[in-house]
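Structure file run.cif; described as mmCIF, C-alpha atoms.
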```
data_coords
#
loop_
_atom_site.label_atom_id
_atom_site.label_comp_id
_atom_site.auth_asym_id
_atom_site.auth_seq_id
_atom_site.Cartn_x
_atom_site.Cartn_y
_atom_site.Cartn_z
CA MET A 1 -8.59 25.45 24.72
CA ALA A 2 -8.76 27.29 21.39
CA LYS A 3 -9.95 25.40 18.36
CA HIS A 4 -7.44 24.19 15.82
CA HIS A 5 -7.22 26.24 12.66
CA VAL A 6 -6.58 23.79 9.83
CA THR A 7 -5.82 24.50 6.18
CA ALA A 8 -5.83 21.66 3.66
CA THR A 9 -6.73 20.84 0.06
CA LEU A 10 -10.15 19.34 -0.45
CA ASN A 11 -11.06 17.91 -3.85
CA GLY A 12 -8.40 20.11 -5.42
CA SER A 13 -9.41 23.38 -3.76
CA PRO A 14 -7.95 25.06 -0.67
CA VAL A 15 -10.10 24.73 2.42
CA GLU A 16 -9.81 25.96 5.98
CA PHE A 17 -11.79 25.09 9.05
CA LEU A 18 -11.81 25.25 12.84
CA CYS A 19 -12.17 22.07 14.88
CA GLU A 20 -11.86 20.68 18.39
CA THR A 21 -9.18 18.05 19.04
CA GLN A 22 -11.68 15.22 19.34
CA GLN A 23 -13.56 16.10 16.15
CA THR A 24 -12.95 13.52 13.45
CA LEU A 25 -12.36 14.34 9.80
CA LEU A 26 -15.77 12.78 9.15
CA GLU A 27 -17.43 15.20 11.56
CA VAL A 28 -15.52 18.11 10.04
CA LEU A 29 -16.56 17.16 6.52
CA ARG A 30 -20.22 16.71 7.39
CA ASP A 31 -20.82 19.25 10.17
CA GLU A 32 -18.33 22.04 9.50
CA LEU A 33 -17.97 21.90 5.71
CA ASN A 34 -21.49 20.62 4.95
CA LEU A 35 -20.19 17.88 2.68
CA THR A 36 -22.65 15.15 3.59
CA GLY A 37 -21.76 12.74 0.78
CA THR A 38 -19.39 10.93 3.11
CA LYS A 39 -21.52 8.77 5.43
CA GLU A 40 -21.18 7.67 9.01
CA GLY A 41 -21.88 3.98 9.53
CA CYS A 42 -20.18 2.46 12.55
CA ALA A 43 -17.81 5.30 13.57
CA THR A 44 -15.24 2.67 14.59
CA GLY A 45 -13.52 1.93 11.28
CA ASP A 46 -15.33 -1.33 10.60
CA CYS A 47 -17.80 -0.46 7.82
CA GLY A 48 -15.97 1.80 5.36
CA ALA A 49 -18.97 4.09 4.71
CA CYS A 50 -16.84 7.12 5.60
CA SER A 51 -13.97 6.22 3.23
CA VAL A 52 -12.00 9.16 1.82
CA THR A 53 -8.41 9.52 0.71
CA VAL A 54 -5.88 11.60 2.62
CA GLY A 55 -2.62 12.21 0.80
CA GLY A 56 -3.69 9.59 -1.76
CA ARG A 57 -4.24 6.92 0.88
CA LEU A 58 -7.59 5.28 1.46
CA VAL A 59 -8.70 5.77 5.08
CA CYS A 60 -11.81 5.79 7.25
CA SER A 61 -12.49 9.45 7.97
CA CYS A 62 -14.06 8.44 11.30
CA LEU A 63 -10.59 7.33 12.44
CA VAL A 64 -8.77 10.53 11.45
CA LEU A 65 -8.82 13.69 13.54
CA GLY A 66 -9.61 16.93 11.77
CA ALA A 67 -6.48 18.43 13.33
CA GLU A 68 -4.34 15.76 11.66
CA VAL A 69 -5.08 16.83 8.08
CA GLU A 70 -3.23 20.17 8.23
CA GLY A 71 -1.52 20.63 4.87
CA LYS A 72 -2.92 17.36 3.52
CA ARG A 73 -4.75 16.58 0.28
CA ILE A 74 -8.23 15.14 0.89
CA GLU A 75 -10.51 13.59 -1.72
CA THR A 76 -14.19 12.86 -1.04
CA ILE A 77 -17.13 11.62 -3.09
CA GLU A 78 -18.06 15.25 -3.89
CA GLY A 79 -14.95 15.49 -6.05
CA MET A 80 -15.58 12.35 -8.07
CA ALA A 81 -17.80 13.52 -10.93
CA SER A 82 -16.61 16.25 -13.29
CA GLY A 83 -19.50 18.71 -13.16
CA THR A 84 -22.49 16.75 -14.43
CA GLU A 85 -20.33 14.04 -15.98
CA LEU A 86 -20.19 10.99 -13.77
CA HIS A 87 -16.98 9.10 -13.10
CA PRO A 88 -16.98 5.72 -14.95
CA LEU A 89 -17.32 3.97 -11.58
CA GLN A 90 -20.42 6.01 -10.74
CA GLN A 91 -21.88 5.33 -14.19
CA LYS A 92 -21.26 1.58 -13.90
CA PHE A 93 -22.76 1.48 -10.40
CA LEU A 94 -25.95 2.90 -11.93
CA GLU A 95 -25.91 0.56 -14.93
CA HIS A 96 -25.31 -2.52 -12.78
CA ALA A 97 -27.77 -1.48 -10.07
CA ALA A 98 -24.88 -1.73 -7.61
CA LEU A 99 -26.73 0.17 -4.90
CA GLN A 100 -30.02 0.07 -3.08
CA CYS A 101 -30.14 2.23 0.04
CA GLY A 102 -26.97 4.08 -0.98
CA ILE A 103 -25.34 4.51 2.42
CA CYS A 104 -22.30 2.43 1.52
CA THR A 105 -22.03 3.79 -2.03
CA PRO A 106 -19.81 6.86 -1.55
CA GLY A 107 -17.33 4.76 0.42
CA MET A 108 -17.49 1.94 -2.12
CA LEU A 109 -16.79 4.37 -4.96
CA ILE A 110 -13.88 6.08 -3.21
CA ALA A 111 -12.39 2.70 -2.24
CA ALA A 112 -12.85 1.31 -5.75
CA ARG A 113 -11.21 4.36 -7.31
CA SER A 114 -8.27 3.94 -4.96
CA LEU A 115 -7.91 0.32 -6.12
CA LEU A 116 -8.07 1.20 -9.82
CA GLU A 117 -5.43 3.91 -9.37
CA ARG A 118 -3.06 1.21 -8.15
CA LYS A 119 -4.32 -1.70 -10.20
CA PRO A 120 -6.12 -0.77 -13.42
CA ASP A 121 -6.82 -4.42 -14.25
CA PRO A 122 -7.79 -6.15 -10.99
CA THR A 123 -9.13 -9.69 -10.77
CA GLU A 124 -12.50 -10.32 -9.18
CA GLU A 125 -10.68 -11.68 -6.12
CA GLU A 126 -8.56 -8.54 -5.85
CA VAL A 127 -11.68 -6.38 -5.99
CA ARG A 128 -13.32 -8.43 -3.28
CA TYR A 129 -10.29 -8.25 -0.98
CA TRP A 130 -9.79 -4.52 -1.57
CA LEU A 131 -13.46 -3.81 -0.79
CA ALA A 132 -13.54 -6.15 2.22
CA GLY A 133 -13.56 -3.10 4.50
CA ASN A 134 -16.68 -1.66 2.86
CA LEU A 135 -19.86 -3.26 4.17
CA CYS A 136 -23.08 -3.33 2.14
CA ARG A 137 -26.23 -4.79 3.66
CA CYS A 138 -28.38 -4.54 0.51
CA THR A 139 -26.74 -5.81 -2.63
CA GLY A 140 -24.92 -8.97 -1.64
CA TYR A 141 -21.82 -7.43 -3.25
CA ASN A 142 -21.98 -9.21 -6.62
CA LYS A 143 -23.38 -6.20 -8.45
CA ILE A 144 -20.80 -3.93 -6.83
CA VAL A 145 -17.95 -6.20 -7.88
CA ASP A 146 -19.40 -6.46 -11.40
CA ALA A 147 -19.67 -2.66 -11.62
CA VAL A 148 -16.07 -2.15 -10.49
CA LEU A 149 -14.78 -4.68 -13.01
CA ALA A 150 -16.86 -3.09 -15.78
CA ALA A 151 -15.61 0.38 -14.88
CA ALA A 152 -12.03 -0.90 -14.83
CA GLY A 153 -12.51 -2.27 -18.35
CA GLU A 154 -13.96 0.98 -19.60
CA MET A 155 -11.24 3.08 -17.98
CA ARG A 156 -8.53 0.92 -19.58
CA ARG A 157 -10.12 1.42 -23.01
CA ALA A 158 -10.47 5.18 -22.51
CA MET B 1 -14.80 16.19 29.18
CA SER B 2 -11.93 18.60 29.62
CA ALA B 3 -10.31 20.08 26.53
CA MET B 4 -7.91 17.68 24.93
CA ARG B 5 -4.60 19.06 23.75
CA TYR B 6 -3.21 17.98 20.38
CA GLU B 7 0.48 18.46 19.56
CA ARG B 8 2.43 17.50 16.49
CA PRO B 9 6.13 17.82 17.34
CA GLY B 10 8.75 17.63 14.60
CA THR B 11 11.43 15.92 16.68
CA LEU B 12 11.62 12.94 19.00
CA GLU B 13 13.12 15.09 21.75
CA ALA B 14 10.15 17.46 21.60
CA ALA B 15 7.74 14.51 21.65
CA VAL B 16 9.43 13.00 24.72
CA ALA B 17 9.42 16.41 26.45
CA LEU B 18 5.67 16.70 25.85
CA LEU B 19 5.04 13.26 27.36
CA SER B 20 7.39 13.94 30.31
CA GLY B 21 5.67 17.23 31.03
CA ALA B 22 2.12 15.86 30.80
CA THR B 23 0.17 16.15 34.02
CA GLY B 24 -2.77 13.96 32.98
CA ALA B 25 -3.17 10.96 30.72
CA ALA B 26 -1.19 11.31 27.50
CA ARG B 27 -1.10 9.11 24.41
CA VAL B 28 1.13 8.87 21.38
CA LEU B 29 -0.95 9.09 18.20
CA ALA B 30 0.23 7.22 15.11
CA GLY B 31 -2.55 5.76 12.93
CA GLY B 32 -5.18 6.12 15.62
CA THR B 33 -7.10 3.01 14.58
CA ASP B 34 -7.03 1.67 18.13
CA LEU B 35 -6.62 4.96 20.01
CA LEU B 36 -9.52 6.85 18.42
CA VAL B 37 -11.86 3.90 18.94
CA GLN B 38 -10.82 3.66 22.60
CA MET B 39 -11.40 7.40 23.00
CA ARG B 40 -14.80 7.17 21.35
CA THR B 41 -15.96 4.34 23.56
CA GLY B 42 -14.77 6.25 26.63
CA ARG B 43 -12.24 3.58 27.60
CA ILE B 44 -9.57 6.27 27.78
CA GLU B 45 -9.81 10.04 28.03
CA PRO B 46 -6.36 11.42 27.31
CA GLN B 47 -5.68 15.07 28.04
CA LEU B 48 -2.80 15.16 25.58
CA LEU B 49 -2.32 13.56 22.17
CA VAL B 50 1.19 13.61 20.73
CA ASP B 51 0.91 13.00 16.98
CA CYS B 52 4.29 11.59 15.96
CA LYS B 53 3.80 11.42 12.19
CA ASP B 54 5.71 14.65 11.50
CA ILE B 55 8.87 13.11 12.96
CA PRO B 56 10.71 11.83 9.86
CA GLU B 57 12.33 8.86 11.58
CA MET B 58 8.96 7.54 12.70
CA THR B 59 7.59 7.03 9.19
CA ALA B 60 10.75 6.15 7.22
CA ILE B 61 11.48 2.72 5.71
CA VAL B 62 15.23 2.26 5.20
CA ALA B 63 17.51 -0.63 4.28
CA ASP B 64 19.80 -1.33 7.25
CA ASP B 65 22.77 -3.71 6.92
CA GLY B 66 20.85 -6.17 4.78
CA GLY B 67 17.72 -5.88 6.91
CA PHE B 68 15.09 -3.18 7.14
CA ARG B 69 14.35 -0.51 9.69
CA PHE B 70 10.96 1.14 9.60
CA GLY B 71 9.42 3.91 11.66
CA ALA B 72 6.95 2.75 14.27
CA ALA B 73 4.27 5.09 12.85
CA THR B 74 4.68 3.93 9.23
CA PRO B 75 1.24 3.02 7.89
CA CYS B 76 0.88 -0.71 7.16
CA MET B 77 0.00 -0.01 3.52
CA ALA B 78 3.34 1.77 3.03
CA LEU B 79 5.08 -1.46 4.10
CA VAL B 80 2.79 -3.64 1.97
CA GLU B 81 3.51 -1.46 -1.08
CA HIS B 82 7.30 -1.41 -0.45
CA GLU B 83 8.60 -4.09 -2.82
CA ALA B 84 12.05 -4.57 -1.32
CA PHE B 85 10.61 -4.76 2.20
CA THR B 86 7.99 -7.35 1.24
CA LYS B 87 10.69 -9.43 -0.46
CA ALA B 88 13.06 -9.27 2.51
CA CYS B 89 10.43 -9.76 5.23
CA PRO B 90 7.72 -12.07 3.84
CA GLY B 91 6.59 -13.32 7.25
CA VAL B 92 6.24 -9.83 8.69
CA ILE B 93 4.23 -8.84 5.63
CA ASP B 94 2.00 -11.94 6.05
CA GLY B 95 1.07 -10.48 9.45
CA VAL B 96 0.86 -6.83 8.42
CA LYS B 97 -1.47 -7.67 5.53
CA LEU B 98 -3.98 -9.14 7.97
CA ILE B 99 -4.33 -6.01 10.13
CA GLY B 100 -7.82 -4.84 9.23
CA SER B 101 -9.18 -3.47 5.99
CA ILE B 102 -7.27 -1.49 3.36
CA GLN B 103 -8.68 1.65 5.04
CA VAL B 104 -7.45 0.60 8.47
CA LYS B 105 -4.03 -0.36 7.06
CA GLY B 106 -3.84 3.04 5.39
CA ARG B 107 -3.50 4.49 8.89
CA ALA B 108 -2.64 1.70 11.31
CA SER B 109 1.04 1.30 12.15
CA VAL B 110 3.04 -1.72 13.24
CA GLY B 111 4.34 0.34 16.18
CA GLY B 112 0.75 0.89 17.25
CA ASN B 113 -0.02 -2.80 16.81
CA VAL B 114 2.92 -3.62 19.12
CA CYS B 115 2.09 -0.93 21.74
CA ASN B 116 -1.66 -1.60 21.77
CA ALA B 117 -0.50 -4.92 23.21
CA SER B 118 -3.36 -7.11 22.12
CA PRO B 119 -2.40 -10.77 22.54
CA ALA B 120 -3.93 -11.32 19.08
CA ALA B 121 -1.98 -8.54 17.30
CA ASP B 122 -1.17 -9.90 13.84
CA SER B 123 2.22 -8.29 13.30
CA VAL B 124 3.67 -9.28 16.66
CA PRO B 125 4.33 -13.05 16.38
CA ALA B 126 5.82 -12.44 12.93
CA LEU B 127 8.13 -9.73 14.33
CA ILE B 128 9.13 -11.91 17.27
CA ALA B 129 9.92 -14.83 14.96
CA ALA B 130 11.93 -12.50 12.74
CA GLY B 131 14.00 -11.39 15.74
CA ALA B 132 12.88 -7.79 15.31
CA VAL B 133 14.52 -5.21 17.56
CA ALA B 134 12.64 -2.14 18.79
CA THR B 135 14.31 1.22 19.33
CA ILE B 136 12.68 3.18 22.15
CA ILE B 137 13.42 6.76 23.16
CA GLY B 138 12.80 8.38 26.52
CA PRO B 139 14.16 11.26 28.61
CA GLY B 140 17.37 9.28 29.21
CA GLY B 141 18.02 8.65 25.53
CA ARG B 142 17.60 5.59 23.36
CA ARG B 143 17.45 1.92 24.23
CA GLU B 144 16.90 -1.23 22.24
CA THR B 145 14.89 -4.31 23.11
CA ARG B 146 13.44 -7.31 21.32
CA VAL B 147 9.77 -7.05 20.38
CA GLU B 148 8.87 -9.95 22.72
CA ASN B 149 9.87 -7.73 25.67
CA ILE B 150 7.37 -4.94 24.90
CA ALA B 151 3.89 -6.30 25.66
CA THR B 152 3.53 -7.45 29.26
CA GLY B 153 -0.17 -8.31 29.13
CA PRO B 154 -3.37 -7.27 27.36
CA GLY B 155 -3.12 -3.50 26.77
CA LYS B 156 0.05 -3.23 28.89
CA THR B 157 3.65 -2.61 27.80
CA SER B 158 7.07 -2.30 29.40
CA LEU B 159 7.40 1.26 28.05
CA ALA B 160 7.47 4.08 30.60
CA ARG B 161 4.83 6.79 30.23
CA ASP B 162 7.33 9.16 28.60
CA GLU B 163 8.91 6.61 26.28
CA ILE B 164 8.11 6.26 22.58
CA LEU B 165 8.62 3.28 20.30
CA VAL B 166 10.58 4.90 17.47
CA SER B 167 11.39 2.17 14.98
CA LEU B 168 11.61 -1.55 14.39
CA LEU B 169 14.58 -3.32 12.85
CA VAL B 170 13.99 -6.59 11.04
CA PRO B 171 17.53 -7.97 10.90
CA ARG B 172 19.22 -9.31 7.79
CA LYS B 173 18.51 -12.97 7.16
CA PRO B 174 21.37 -15.39 6.50
CA PRO B 175 21.26 -17.29 3.18
CA HIS B 176 18.53 -19.97 2.88
CA SER B 177 16.33 -18.24 5.45
CA ALA B 178 12.68 -17.30 5.34
CA ASP B 179 9.74 -16.61 7.59
CA ALA B 180 5.98 -17.01 7.50
CA TYR B 181 2.97 -16.06 9.60
CA LEU B 182 -0.44 -17.71 9.67
CA ARG B 183 -3.52 -17.00 11.71
CA PHE B 184 -6.75 -18.86 12.14
CA THR B 185 -10.03 -16.96 11.97
CA PRO B 186 -13.54 -18.21 11.21
CA ARG B 187 -13.76 -15.70 8.35
CA THR B 188 -11.26 -15.16 5.53
CA GLU B 189 -10.86 -11.41 6.21
CA MET B 190 -11.67 -8.70 8.75
CA ASP B 191 -11.35 -10.83 11.83
CA ILE B 192 -9.28 -11.26 14.98
CA ALA B 193 -6.92 -14.20 15.36
CA VAL B 194 -8.20 -17.16 17.37
CA VAL B 195 -4.65 -18.48 17.20
CA SER B 196 -1.65 -17.35 15.18
CA ALA B 197 1.88 -18.54 14.53
CA GLY B 198 5.05 -17.02 13.13
CA VAL B 199 8.06 -19.12 12.12
CA ASN B 200 11.47 -17.94 10.94
CA LEU B 201 14.09 -20.51 9.98
CA THR B 202 17.55 -20.79 8.44
CA LEU B 203 18.81 -23.83 6.52
CA ASP B 204 22.42 -24.72 5.74
CA ARG B 205 23.59 -25.74 2.26
CA ASP B 206 22.50 -29.32 2.89
CA GLY B 207 18.99 -28.27 3.86
CA VAL B 208 19.50 -28.85 7.58
CA CYS B 209 17.82 -26.31 9.83
CA ARG B 210 20.39 -24.28 11.79
CA LYS B 211 18.24 -21.60 13.37
CA ALA B 212 14.53 -21.40 14.08
CA ARG B 213 12.33 -19.00 16.00
CA VAL B 214 8.67 -19.77 16.60
CA SER B 215 6.13 -17.38 18.08
CA LEU B 216 2.46 -17.87 18.91
CA GLY B 217 -0.28 -15.27 19.21
CA ALA B 218 -3.68 -15.27 20.95
CA VAL B 219 -2.84 -18.26 23.16
CA ALA B 220 -1.57 -16.39 26.23
CA GLU B 221 -1.72 -12.91 27.78
CA ARG B 222 0.83 -11.79 25.20
CA ALA B 223 2.49 -13.24 22.12
CA LEU B 224 4.93 -15.99 23.10
CA LEU B 225 8.41 -16.84 21.86
CA VAL B 226 8.40 -20.64 22.07
CA SER B 227 12.04 -21.66 22.12
CA GLU B 228 11.22 -25.39 22.53
CA ALA B 229 9.28 -25.26 19.26
CA GLY B 230 12.21 -23.64 17.46
CA ALA B 231 14.59 -26.18 19.01
CA ALA B 232 12.46 -29.01 17.61
CA LEU B 233 13.51 -28.01 14.09
CA ILE B 234 17.20 -27.32 14.65
CA GLY B 235 19.49 -30.04 13.34
CA THR B 236 16.72 -31.62 11.28
CA THR B 237 15.72 -31.37 7.62
CA VAL B 238 12.33 -30.17 8.92
CA ASP B 239 10.88 -33.56 8.18
CA GLU B 240 7.67 -35.12 9.41
CA ALA B 241 9.10 -36.10 12.80
CA ALA B 242 10.52 -32.60 13.41
CA LEU B 243 7.23 -30.97 12.47
CA GLU B 244 5.37 -33.30 14.86
CA LYS B 245 7.75 -32.31 17.65
CA LEU B 246 7.32 -28.62 16.77
CA ALA B 247 3.52 -28.94 16.89
CA ALA B 248 3.67 -30.69 20.26
CA ALA B 249 6.00 -28.04 21.69
CA ALA B 250 3.78 -25.24 20.38
CA ALA B 251 0.66 -26.80 21.89
CA ALA B 252 2.45 -27.34 25.20
CA ALA B 253 3.41 -23.66 25.46
CA CYS B 254 -0.17 -22.36 25.17
CA LYS B 255 -1.91 -20.77 28.15
CA PRO B 256 -5.07 -19.63 26.41
CA ILE B 257 -8.41 -18.41 27.66
CA ASP B 258 -11.89 -19.59 26.72
CA ASP B 259 -13.80 -16.89 24.89
CA LYS B 260 -16.39 -16.46 22.16
CA ARG B 261 -13.74 -16.98 19.49
CA GLY B 262 -12.44 -20.30 20.75
CA THR B 263 -12.12 -22.63 23.71
CA LYS B 264 -8.85 -23.39 25.48
CA ALA B 265 -8.73 -26.95 24.14
CA TYR B 266 -9.44 -25.76 20.62
CA ARG B 267 -6.76 -23.06 20.74
CA ILE B 268 -4.15 -25.51 22.03
CA LYS B 269 -4.97 -27.97 19.24
CA VAL B 270 -4.97 -25.30 16.53
CA ALA B 271 -1.71 -23.73 17.77
CA GLY B 272 0.17 -26.92 16.95
CA VAL B 273 -1.46 -27.21 13.54
CA LEU B 274 -0.78 -23.58 12.63
CA ALA B 275 2.84 -23.62 13.86
CA ARG B 276 3.42 -26.66 11.70
CA ARG B 277 1.81 -25.10 8.62
CA ALA B 278 3.70 -21.84 9.09
CA ALA B 279 6.95 -23.82 9.40
CA GLN B 280 6.15 -25.62 6.16
CA ILE B 281 5.60 -22.29 4.35
CA ALA B 282 8.80 -20.83 5.80
CA LEU B 283 10.65 -23.99 4.73
CA ASP B 284 9.32 -23.79 1.16
CA ARG B 285 10.30 -20.14 1.00
CA ALA B 286 13.76 -20.75 2.47
CA ARG B 287 14.46 -23.44 -0.13
CA LYS B 288 13.66 -20.93 -2.87
CA VAL B 289 15.94 -18.10 -1.68
CA ASN B 290 19.67 -18.07 -2.53
#
```

As structure tokens, please, write out the structure in this file.
Amino acid sequence: MAKHHVTATLNGSPVEFLCETQQTLLEVLRDELNLTGTKEGCATGDCGACSVTVGGRLVCSCLVLGAEVEGKRIETIEGMASGTELHPLQQKFLEHAALQCGICTPGMLIAARSLLERKPDPTEEEVRYWLAGNLCRCTGYNKIVDAVLAAAGEMRRA
Amino acid sequence: MSAMRYERPGTLEAAVALLSGATGAARVLAGGTDLLVQMRTGRIEPQLLVDCKDIPEMTAIVADDGGFRFGAATPCMALVEHEAFTKACPGVIDGVKLIGSIQVKGRASVGGNVCNASPAADSVPALIAAGAVATIIGPGGRRETRVENIATGPGKTSLARDEILVSLLVPRKPPHSADAYLRFTPRTEMDIAVVSAGVNLTLDRDGVCRKARVSLGAVAERALLVSEAGAALIGTTVDEAALEKLAAAAAAACKPIDDKRGTKAYRIKVAGVLARRAAQIALDRARKVN
């Protein structure tokens, strides 16, 4: 069967690609579009490393088919910084040493941004619940939560 | 693996026609959080996927005669973020909020939760307690059935292969009514219910319970509607004695299995405790409304 021809918006720019039915959005991003910032962890929706937003909604890109995103707006980690200027979340992750191996970081950042879009002033508990689907095996989470809360404070003052 | 076809029809009739015409295994795709995992692990190899998210009725949330009707493919997060829905259906939202991470809820649908037919599905006991009615479409047209009639066992439903669960109606609640859902898991988040309980009750002006529906999850091959447990509350002020009777009836209805998440004896014990706690929450909520 012929491949699907999909057109969508990726990080604000039009994008088109060809994919097989069973190819996930994660596979399309990494293997067809060479955007390797989004990571594969479990490939079953349990770890959150592949988090992206589709139509403004936070999802695991391993549980979305490439064919499903026709006409949709997709945001990945590659669209987070403005040129060389880091997003406040990225900056605070660095300042708080909120990463070690870095595999979970793109997903953490995308998920945290999605939270702050909805709730600019979250409590620590709200951050922890929102990020419950993003696993980190290095940091023990405290530094990540601290970084998100610090970024939220800075973004509110901006 | 043979090439898998992917279709995204814009109407229910077209979706049903695709399923009716399928020669091999076909699956309806909503959020895909169960389906894509089952495909990846090789548990199923469908030859046709019918993505139903372009069918407006399947993702709409609309007020319906004092209750709410929502499309079976509506993502859980759309329900959680819908203020009027969360206010009208607190027990259903208790369940929906527990379905996986924010990411999973961004895609997963309640219709999928119902049709995946896991005995531990978090939205199902809450829907059963709420008296939710499912609208199903097939080649012969539409039919309605209560949610408790859909799952027939783990992974099995009463839907024919060319039928689609279209929407779910959570009916209007009478005054002084409320519902609640609780589950027990060893962890606070990201876990599968060991036991769960949904309770929906209606009080009269004097605080006497006039209607009650109790449903249990993860204690049998499918979620149970336990009418004896509901009956234990009716005609009472939901006092200590009534709650004791409810807990005993809930425990008596359990037909659980032993597995790594809990033993039979443990599940039976916890079912009574959870049903009682859920009833207490529903009672507190009912006393606060109208």

Residue nearest chain B among A:Lys143, A:Arg156, A:Arg57, A:His5 (counting only C-alpha atoms):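 For chain B, the nearest of the candidates is A:Arg57.
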
Could you check the closest approach to chain B for each of A:His87, A:Lys39, A:Asn34, A:Trp130 and tell me which residue wins, using only C-alpha atoms? A:Trp130

Tell me which residues the PyMOL selection byres ((chain A) within 7 of (chain B)) grabs here, as a list in words. Met1, Thr21, Thr44, Gly45, Arg57, Leu58, Val59, Cys60, Leu63, Trp130, Ala132 and Gly133 of chain A

Env of Glu40 (chain A): 8 Å cut, atoms = only C-alpha atoms, seq-sep filter 6 positions within chain, self excluded. Answer as a ChimeraX atom specification. /A:26,49-50,62

Okay, now the selection with C-alpha atoms, as a PDB file, keeping the file's coordinate frame?
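That gives us result15.pdb:
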```pdb
ATOM      1  CA  LEU A  26     -15.770  12.780   9.150  1.00  0.00           C
ATOM      2  CA  ALA A  49     -18.970   4.090   4.710  1.00  0.00           C
ATOM      3  CA  CYS A  50     -16.840   7.120   5.600  1.00  0.00           C
ATOM      4  CA  CYS A  62     -14.060   8.440  11.300  1.00  0.00           C
TER       5      CYS A  62
END
```

To verify the selection step, state as a list in words which residues the PyMOL selection byres ((chain A and resi 8-10) around 8) yields on this input. Val6, Thr7, Asn11, Gly12, Ser13, Pro14, Val15, Glu16, Val69, Glu70, Gly71, Lys72, Arg73, Ile74, Glu75 and Thr76 of chain A

So that I can check the surroundings of region 235-246 of chain B, please list as JSON, numbers by chain every protein, DNA and RNA residue that reaches within 6 Å of it, counting only C-alpha atoms and ignoring chain neighbours fewer than 4 positions away. {"B": [207, 208, 209, 229, 276]}

Using Å and a single decimal, report how far CA of Val170 (chain B) sits from CA of Ala134 (chain B). 9.0 Å

Here CA of Glu83 (chain B) and CA of Arg172 (chain B) stand apart by 15.9 Å

So how far away is CA of Phe184 (chain B) from CA of Val270 (chain B), in Å?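 Separation between CA of Val270 (chain B) and CA of Phe184 (chain B): 8.0 Å.
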
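Distance annotation: of A:Glu27, A:Glu154, A:Glu78, A:Glu95, the residue with the minimal separation from Pro120 (chain A) is A:Glu154; atom set is all atoms listed in the file.
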
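Within 9 Å of Ser20 (chain B), once all atoms listed in the file are used and residues closer than 5 positions along the same chain are dropped, the contacting residues are Ala15, Gly138, Pro139, Arg161, Asp162 and Glu163 of chain B.
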
Could the residues in this selection be written to a file with C-alpha atoms, as a PDB file, in the coordinates of the input?
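For reference, result_4.pdb as written:
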```
ATOM      1  CA  ALA B  15       7.740  14.510  21.650  1.00  0.00           C
ATOM      2  CA  GLY B 138      12.800   8.380  26.520  1.00  0.00           C
ATOM      3  CA  PRO B 139      14.160  11.260  28.610  1.00  0.00           C
ATOM      4  CA  ARG B 161       4.830   6.790  30.230  1.00  0.00           C
ATOM      5  CA  ASP B 162       7.330   9.160  28.600  1.00  0.00           C
ATOM      6  CA  GLU B 163       8.910   6.610  26.280  1.00  0.00           C
TER       7      GLU B 163
END
```

Which residues fall under the PyMOL selection byres ((chain A and resi 121) around 8) in this file, as an MDAnalysis selection string? chainID A and resid 116 119:120 122:123 152:153 156

Taking (-3.1, 10.4, -7.1) in the coordinates of the supplied file, I want to know which residues reach to within 9 Å of it, counting only C-alpha atoms; could you give the answer as a PyMOL selection string? chain A and resi 55-57+114+117

For Thr36 (chain A), the nearest of the candidates A:Ile77, A:Ala158, A:Val148, A:Leu135, counting all atoms listed in the file: A:Ile77

Across A:Leu86, A:Leu35, A:Val54, A:Leu94, the smallest distance to Asp146 (chain A), with all atoms listed in the file counted, is shown by A:Leu94

Could you rebuild region 54-62 of chain A with N, CA and C atoms and give me the result as an mmCIF file, in the coordinates of the input?
```
data_model
loop_
_atom_site.group_PDB
_atom_site.id
_atom_site.type_symbol
_atom_site.label_atom_id
_atom_site.label_comp_id
_atom_site.auth_asym_id
_atom_site.auth_seq_id
_atom_site.Cartn_x
_atom_site.Cartn_y
_atom_site.Cartn_z
ATOM 1 N N VAL A 54 -6.690 10.519 2.044
ATOM 2 C CA VAL A 54 -5.880 11.600 2.620
ATOM 3 C C VAL A 54 -4.460 11.384 2.112
ATOM 4 N N GLY A 55 -3.949 12.360 1.386
ATOM 5 C CA GLY A 55 -2.620 12.210 0.800
ATOM 6 C C GLY A 55 -2.554 11.002 -0.135
ATOM 7 N N GLY A 56 -3.659 10.709 -0.814
ATOM 8 C CA GLY A 56 -3.690 9.590 -1.760
ATOM 9 C C GLY A 56 -3.908 8.236 -1.120
ATOM 10 N N ARG A 57 -4.038 8.193 0.199
ATOM 11 C CA ARG A 57 -4.240 6.920 0.880
ATOM 12 C C ARG A 57 -5.676 6.754 1.338
ATOM 13 N N LEU A 58 -6.225 5.578 1.060
ATOM 14 C CA LEU A 58 -7.590 5.280 1.460
ATOM 15 C C LEU A 58 -7.665 5.098 2.979
ATOM 16 N N VAL A 59 -8.557 5.848 3.615
ATOM 17 C CA VAL A 59 -8.700 5.770 5.080
ATOM 18 C C VAL A 59 -10.180 5.880 5.450
ATOM 19 N N CYS A 60 -10.484 5.521 6.691
ATOM 20 C CA CYS A 60 -11.810 5.790 7.250
ATOM 21 C C CYS A 60 -11.739 7.174 7.891
ATOM 22 N N SER A 61 -12.585 8.094 7.426
ATOM 23 C CA SER A 61 -12.490 9.450 7.970
ATOM 24 C C SER A 61 -12.969 9.526 9.414
ATOM 25 N N CYS A 62 -13.649 8.472 9.891
ATOM 26 C CA CYS A 62 -14.060 8.440 11.300
ATOM 27 C C CYS A 62 -12.881 8.141 12.214
#
```
